[in-house]
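All remarks here apply to the structure that follows.
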Amino acid sequence: MMDVIVIGCGAAGLAAMRKLHDAGLKVLGLEAADRIGGRVCSVEFGDKFIDIGAAWCHGDQDNEVFELANPLGLLGRSEPLNTFYLLSDGELVAADKAEQILTALDDEVAKADKYNSRTISECVRQAEHTNEILKKDPKLSRSFVEFYERDNHLGGQDDPKKGKSLRGVIEWWNSYKDVMLNWKGKGFKTILEILMNKYPDPTKEIPLQIHLNKEVDNIRWDTIHRGLDNPLVQVSCKDGSLYAAKSVIVTLSVGVLKERYANLFNPPLPVEKVKSIQNLEMCILDKIYIEFEKPWWPKSPANFPLLWRDEDKAKFSAGEKWVTEIFGLLSVDYHPNVLLAWIYGNGAVLMEKVSEEEVKAGVQKLIDTVLKKQFDVAPIKKIIRTQWAQNPLTRGTYAHRTALLEENGGSALILSEPLYRSNRFPVVCFAGEATSHHKHSAVHGAIESGFREAERLIESFQKL
């Protein structure tokens with residue numbers, strides 16, 4: 001029997017396991033995938049790594065990732081971007097004009113009342129008709145508003161109530177300064193190695209007990225062991241294996257909880273926690289890494305925001321519609337021949353459903369249609385694309401607050417509250433980026449949440 005079972009061995013799960021292990025508790029990790037890491041996934045690409053999931057350390061203040069990695073010299077500072085604003089017909093927009101429009105949109109969001117159930121999309125779309133800068137060129141402003149919605153992953157494409165709420169702007173705390181710290185080609189996986197004490201000396205790895213390919217299908221938390229008031233939690237997996245512990249920490253994503261909460265917990269979750277799961281939403285953000293035979297952009301680091309117009313979208317067939325939702329291209333640190341294409345929301349979902357050959361063909365058409373008017377683009381060598389929406393163990397990339405949540409209730413705070421037995425011992429705890437009170441969406445929020453729940457349990461075990 002274990003003291004604690006951690007369900008899900010991503011950044012939050014490993015952070016919790018490390019702290020529990022260091023406190024002398026018996027801890028077991030159950031991971032449904034065939035690897036650890038969750039939404040941290042670095043893959044070899046040439047002699048370096050690229051990140052399929054989280055890629056940058058977002059900030060150097062009040063950031064657990066930075067505090068763990070920077071003393072080891074692992075993080076590289078970002079350099080100023082060389083940005084080329086491209087209309088979908090291939091014409092360039094002057095940088096000063098583009099930045100004036102984007103600043104106007106930022107200003108509208110900054111000054112908007114946050115204590116209501118309005119979405120950020122509502123705010124910026126209204127600004128199209130009221131802001132003097134945006135009214136100067138309505139057609140261009142429309143393209144920039146669409147870009148702004150995609151670049152900030154504002155959501156609500158099918159249901160506006162599921163879009164990011166203005167309240168979320170003040171509930172999320174920025175870690176400031178450099179928010180694009182890179183891993184010098186080693187990949188974000190390095191943070192996992194730090195948590196397990198594998199880096200910098202692999203011989204000092206902590207022997208954390210982790211079972212892979214263990215998809216949990218039921219958490220029974222109302223059982224009492226031999227009539228005693230200190231209960232055991234029983235955990236069953238799809239392969240028929242059974243485990244028991246005095247407490248569990250659940251680190252599943254909101255996307256997975258949405259699909260499974262009704263059957264996963266016995267007895268059922270409290271109403272307020274269910275509201276949080278239902279009313280938080282998962283962002284769908286995918287990447288397409290494009291390796292060219294040689295770099296063709298004028299200077300690195302390069303950034304190409306794409307500003308789509310309806311007449312140019314019409315050049316793509318229904319099966320190619322996803323291409324018109326690619327909203328930017330970005331050069332990749334330590335990979336001189338690679339650009340990263342960003343695609344969000346419904347477009348990402350469509351892209352995930354087509355074959356890799358069709359993705360490559362769609363990217364080539366994008367290049368032919370938009371980029372070749374201004375640049376001598378080198379041939380594509382290969383691509384790698386992500387599929388986070390289709391992944392049944394994630395169902396998206398990160399959680400965010402919605403208008404639905406502001407209207408009907410729920411929060412990261414409520415989601416993070418443990419389930420207790422009568423003796424106030426926390427038998428089911430919740431961690432993961434979605435449970436971070438003010439750092440949701442980021443790996444440092446996930447790690448913070450894992451540390452938080454481990455500390456909660458260490459204190460509770462000391463009182464037994």
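The way I read the labels, and the way they are meant: chains A, B, ... in the order of the structure tokens, residue 1 as the first residue of every chain, and ligand 1 as the first ligand shown, with later ones counted on from there.
Those residues of segment 170-201 of chain A that DSSP, working from the backbone, places in alpha helix (DSSP H) are Ile170, Glu171, Lys189, Thr190, Ile191, Leu192, Glu193, Ile194 and Leu195 of chain A.
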Using DSSP secondary structure from the backbone, list all strand (DSSP E or B) positions within segment 36-232 of chain A, as a ChimeraX atom specification. /A:37,42-45,48-51,57,76,82-83,85-87,92-93,119,164-165,181-182,209-211,216-223,232
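Residues in contact range of Glu128 of chain A, defined as at most 8 Å between only C-alpha atoms, with sequence neighbours fewer than 4 positions away removed, read A:Val124, A:Leu134, A:Lys135, A:Pro138, A:Ser141, A:Arg142, A:Val145.
Minimum atom-to-atom distance to Asn266 of chain A, evaluated using only C-alpha atoms, belongs to A:Trp221 out of A:Trp221, A:Phe144, A:Phe304, A:Phe188.
Distances to Ile288 of chain A were evaluated for A:Ser422, A:Gln209, A:Gln387, A:Gln374 using only C-alpha atoms, and the minimum falls at A:Gln387.
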Kindly assemble as a Markdown table a list of the segment 20-77 of chain A residues that lie within 6 Å of segment 9-16 of chain A, each paired with its nearest atom pair and their distance in Å to one decimal, using only C-alpha atoms, sorted first by chain and then by ascending residue number.
| residue | atom | partner | partner_atom | distance |
| --- | --- | --- | --- | --- |
| A:Glu31 | CA | A:Cys9 | CA | 5.5 |
| A:Ile36 | CA | A:Cys9 | CA | 5.4 |
| A:Gly37 | CA | A:Gly10 | CA | 4.0 |
| A:Gly38 | CA | A:Gly10 | CA | 4.3 |
Convert the current residue selection to file output with N, CA and C atoms, as a compact mmCIF listing (two decimals), in the first residue's frame.
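See selection.txt below for the written result:
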# COMPACT_ATOMS: atom_id res chain seq x y z
N GLU A 31 0.82 6.52 -15.05
CA GLU A 31 0.80 7.32 -16.27
C GLU A 31 0.15 6.52 -17.39
N ILE A 36 6.59 9.61 -19.83
CA ILE A 36 6.24 10.65 -18.87
C ILE A 36 6.25 12.01 -19.58
N GLY A 37 5.73 13.02 -18.92
CA GLY A 37 5.86 14.38 -19.46
C GLY A 37 4.55 15.06 -19.79
N GLY A 38 3.53 14.30 -20.20
CA GLY A 38 2.26 14.93 -20.56
C GLY A 38 2.41 15.90 -21.70
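Checking A:Ile343, A:Val428, A:Leu366, A:Val248 one by one against Leu87 of chain A, counting only C-alpha atoms, you find the shortest gap at A:Leu366.
If you look at atom CA of Thr402 of chain A and atom CA of Gln61 of chain A, they are 26.5 Å away from each other.
Atom to atom, atom CA of Ala434 of chain A and atom CA of Arg421 of chain A stand 23.8 Å apart.
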*asked:* Residues within 9 Å of Leu75 of chain A, please, as a VMD selection string. Count only C-alpha atoms; anything in the same chain fewer than 5 positions from it doesn't count.
replied: chain A and resid 57 66 69 to 70 181 to 184
Go ahead and write the residues just picked, N, CA, C and O atoms, as a short mmCIF file (atom, residue, chain, number, x, y, z; two decimals), in the first residue's frame.
data_model
loop_
_atom_site.label_atom_id
_atom_site.label_comp_id
_atom_site.auth_asym_id
_atom_site.auth_seq_id
_atom_site.Cartn_x
_atom_site.Cartn_y
_atom_site.Cartn_z
N CYS A 57 10.23 28.86 -21.52
CA CYS A 57 10.02 29.26 -20.13
C CYS A 57 9.46 30.68 -20.17
O CYS A 57 10.13 31.60 -20.62
N PHE A 66 11.82 28.72 -14.15
CA PHE A 66 13.02 29.56 -14.19
C PHE A 66 13.89 29.32 -12.95
O PHE A 66 15.12 29.20 -13.06
N ALA A 69 15.67 25.93 -13.41
CA ALA A 69 16.55 25.74 -14.56
C ALA A 69 17.65 26.78 -14.69
O ALA A 69 18.78 26.46 -15.11
N ASN A 70 17.36 28.01 -14.35
CA ASN A 70 18.33 29.08 -14.60
C ASN A 70 19.64 28.91 -13.83
O ASN A 70 20.72 29.15 -14.39
N LEU A 181 12.06 32.52 -23.00
CA LEU A 181 13.37 31.92 -22.70
C LEU A 181 13.45 30.53 -23.32
O LEU A 181 12.55 29.71 -23.14
N ASN A 182 14.52 30.26 -24.08
CA ASN A 182 14.64 28.98 -24.77
C ASN A 182 15.54 28.02 -23.99
O ASN A 182 16.23 28.40 -23.05
N TRP A 183 15.53 26.76 -24.42
CA TRP A 183 16.26 25.69 -23.73
C TRP A 183 17.58 25.35 -24.42
O TRP A 183 18.14 24.27 -24.20
N LYS A 184 18.06 26.24 -25.28
CA LYS A 184 19.36 26.06 -25.95
C LYS A 184 19.44 24.73 -26.70
O LYS A 184 20.49 24.08 -26.76
#
- request: Excluding Leu340 of chain A and any residue of its chain fewer than 6 positions from it, enumerate the residues within 6 Å of it, using only C-alpha atoms, and give them as a VMD selection string.
  value: chain A and resid 288 to 289 329 to 330
Which residues are near Phe425 of chain A? Cut-off 10 Å, only C-alpha atoms, ignore same chain within fewer than 4 positions. Put them as a PyMOL selection string. chain A and resi 229-231+246-247+418-421+456-457+460-461+463-464
Please produce an output containing N, CA and C atoms for each residue in the selection, written as a PDB file, in the first residue's frame.
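The new file result25.pdb reads:
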ATOM      1  N   ASP A 229     -11.327   5.010  10.549  1.00  0.00           N
ATOM      2  CA  ASP A 229     -11.785   6.261   9.952  1.00  0.00           C
ATOM      3  C   ASP A 229     -10.778   6.836   8.961  1.00  0.00           C
ATOM      4  N   ASN A 230      -9.577   6.274   8.910  1.00  0.00           N
ATOM      5  CA  ASN A 230      -8.582   6.725   7.950  1.00  0.00           C
ATOM      6  C   ASN A 230      -8.734   5.880   6.689  1.00  0.00           C
ATOM      7  N   PRO A 231      -9.388   6.388   5.663  1.00  0.00           N
ATOM      8  CA  PRO A 231      -9.780   5.551   4.523  1.00  0.00           C
ATOM      9  C   PRO A 231      -8.643   5.303   3.548  1.00  0.00           C
ATOM     10  N   LYS A 246      -3.449   6.013   0.754  1.00  0.00           N
ATOM     11  CA  LYS A 246      -4.165   6.853   1.721  1.00  0.00           C
ATOM     12  C   LYS A 246      -4.705   8.119   1.060  1.00  0.00           C
ATOM     13  N   SER A 247      -4.069   8.528  -0.050  1.00  0.00           N
ATOM     14  CA  SER A 247      -4.527   9.706  -0.788  1.00  0.00           C
ATOM     15  C   SER A 247      -4.069   9.605  -2.232  1.00  0.00           C
ATOM     16  N   PRO A 418      -9.279  19.956  -2.415  1.00  0.00           N
ATOM     17  CA  PRO A 418      -9.308  18.494  -2.266  1.00  0.00           C
ATOM     18  C   PRO A 418     -10.693  17.988  -1.859  1.00  0.00           C
ATOM     19  N   LEU A 419     -10.863  16.693  -2.002  1.00  0.00           N
ATOM     20  CA  LEU A 419     -12.022  15.995  -1.423  1.00  0.00           C
ATOM     21  C   LEU A 419     -11.569  15.427  -0.084  1.00  0.00           C
ATOM     22  N   TYR A 420     -12.351  15.700   0.961  1.00  0.00           N
ATOM     23  CA  TYR A 420     -11.968  15.295   2.315  1.00  0.00           C
ATOM     24  C   TYR A 420     -12.904  14.206   2.828  1.00  0.00           C
ATOM     25  N   ARG A 421     -12.390  13.441   3.791  1.00  0.00           N
ATOM     26  CA  ARG A 421     -13.237  12.573   4.592  1.00  0.00           C
ATOM     27  C   ARG A 421     -13.589  13.290   5.890  1.00  0.00           C
ATOM     28  N   ARG A 456       0.556  20.157   0.872  1.00  0.00           N
ATOM     29  CA  ARG A 456      -0.696  19.948   1.596  1.00  0.00           C
ATOM     30  C   ARG A 456      -0.716  18.557   2.237  1.00  0.00           C
ATOM     31  N   LEU A 457      -0.323  17.559   1.437  1.00  0.00           N
ATOM     32  CA  LEU A 457      -0.358  16.187   1.947  1.00  0.00           C
ATOM     33  C   LEU A 457       0.727  15.929   2.988  1.00  0.00           C
ATOM     34  N   SER A 460      -0.586  17.161   6.112  1.00  0.00           N
ATOM     35  CA  SER A 460      -1.691  16.319   6.603  1.00  0.00           C
ATOM     36  C   SER A 460      -1.173  14.997   7.176  1.00  0.00           C
ATOM     37  N   PHE A 461      -0.171  14.418   6.511  1.00  0.00           N
ATOM     38  CA  PHE A 461       0.393  13.166   7.029  1.00  0.00           C
ATOM     39  C   PHE A 461       1.086  13.380   8.385  1.00  0.00           C
ATOM     40  N   LYS A 463       0.111  15.208  10.671  1.00  0.00           N
ATOM     41  CA  LYS A 463      -0.908  15.326  11.722  1.00  0.00           C
ATOM     42  C   LYS A 463      -1.551  13.993  12.079  1.00  0.00           C
ATOM     43  N   LEU A 464      -1.320  12.965  11.274  1.00  0.00           N
ATOM     44  CA  LEU A 464      -1.947  11.657  11.543  1.00  0.00           C
ATOM     45  C   LEU A 464      -1.389  11.031  12.821  1.00  0.00           C
TER      46      LEU A 464
END
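When the distance limit is 8 Å and only C-alpha atoms are what count, the residues near segment 405-411 of chain A, minus those fewer than 4 positions from it on the same chain, are Asn116, Ser117, Ser165, Arg167, Glu272, Lys273, Lys275, Ser276, Ile277, Asn279, Leu280, Arg401 and Leu415 of chain A.
Proximity of A:Asp312, A:Glu352, A:Asp137, A:Glu146 to Ile284 of chain A, computed with only C-alpha atoms, is greatest for A:Glu352.
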Atom CA of Leu140 of chain A sits from atom CA of Lys97 of chain A at a separation of 10.2 Å
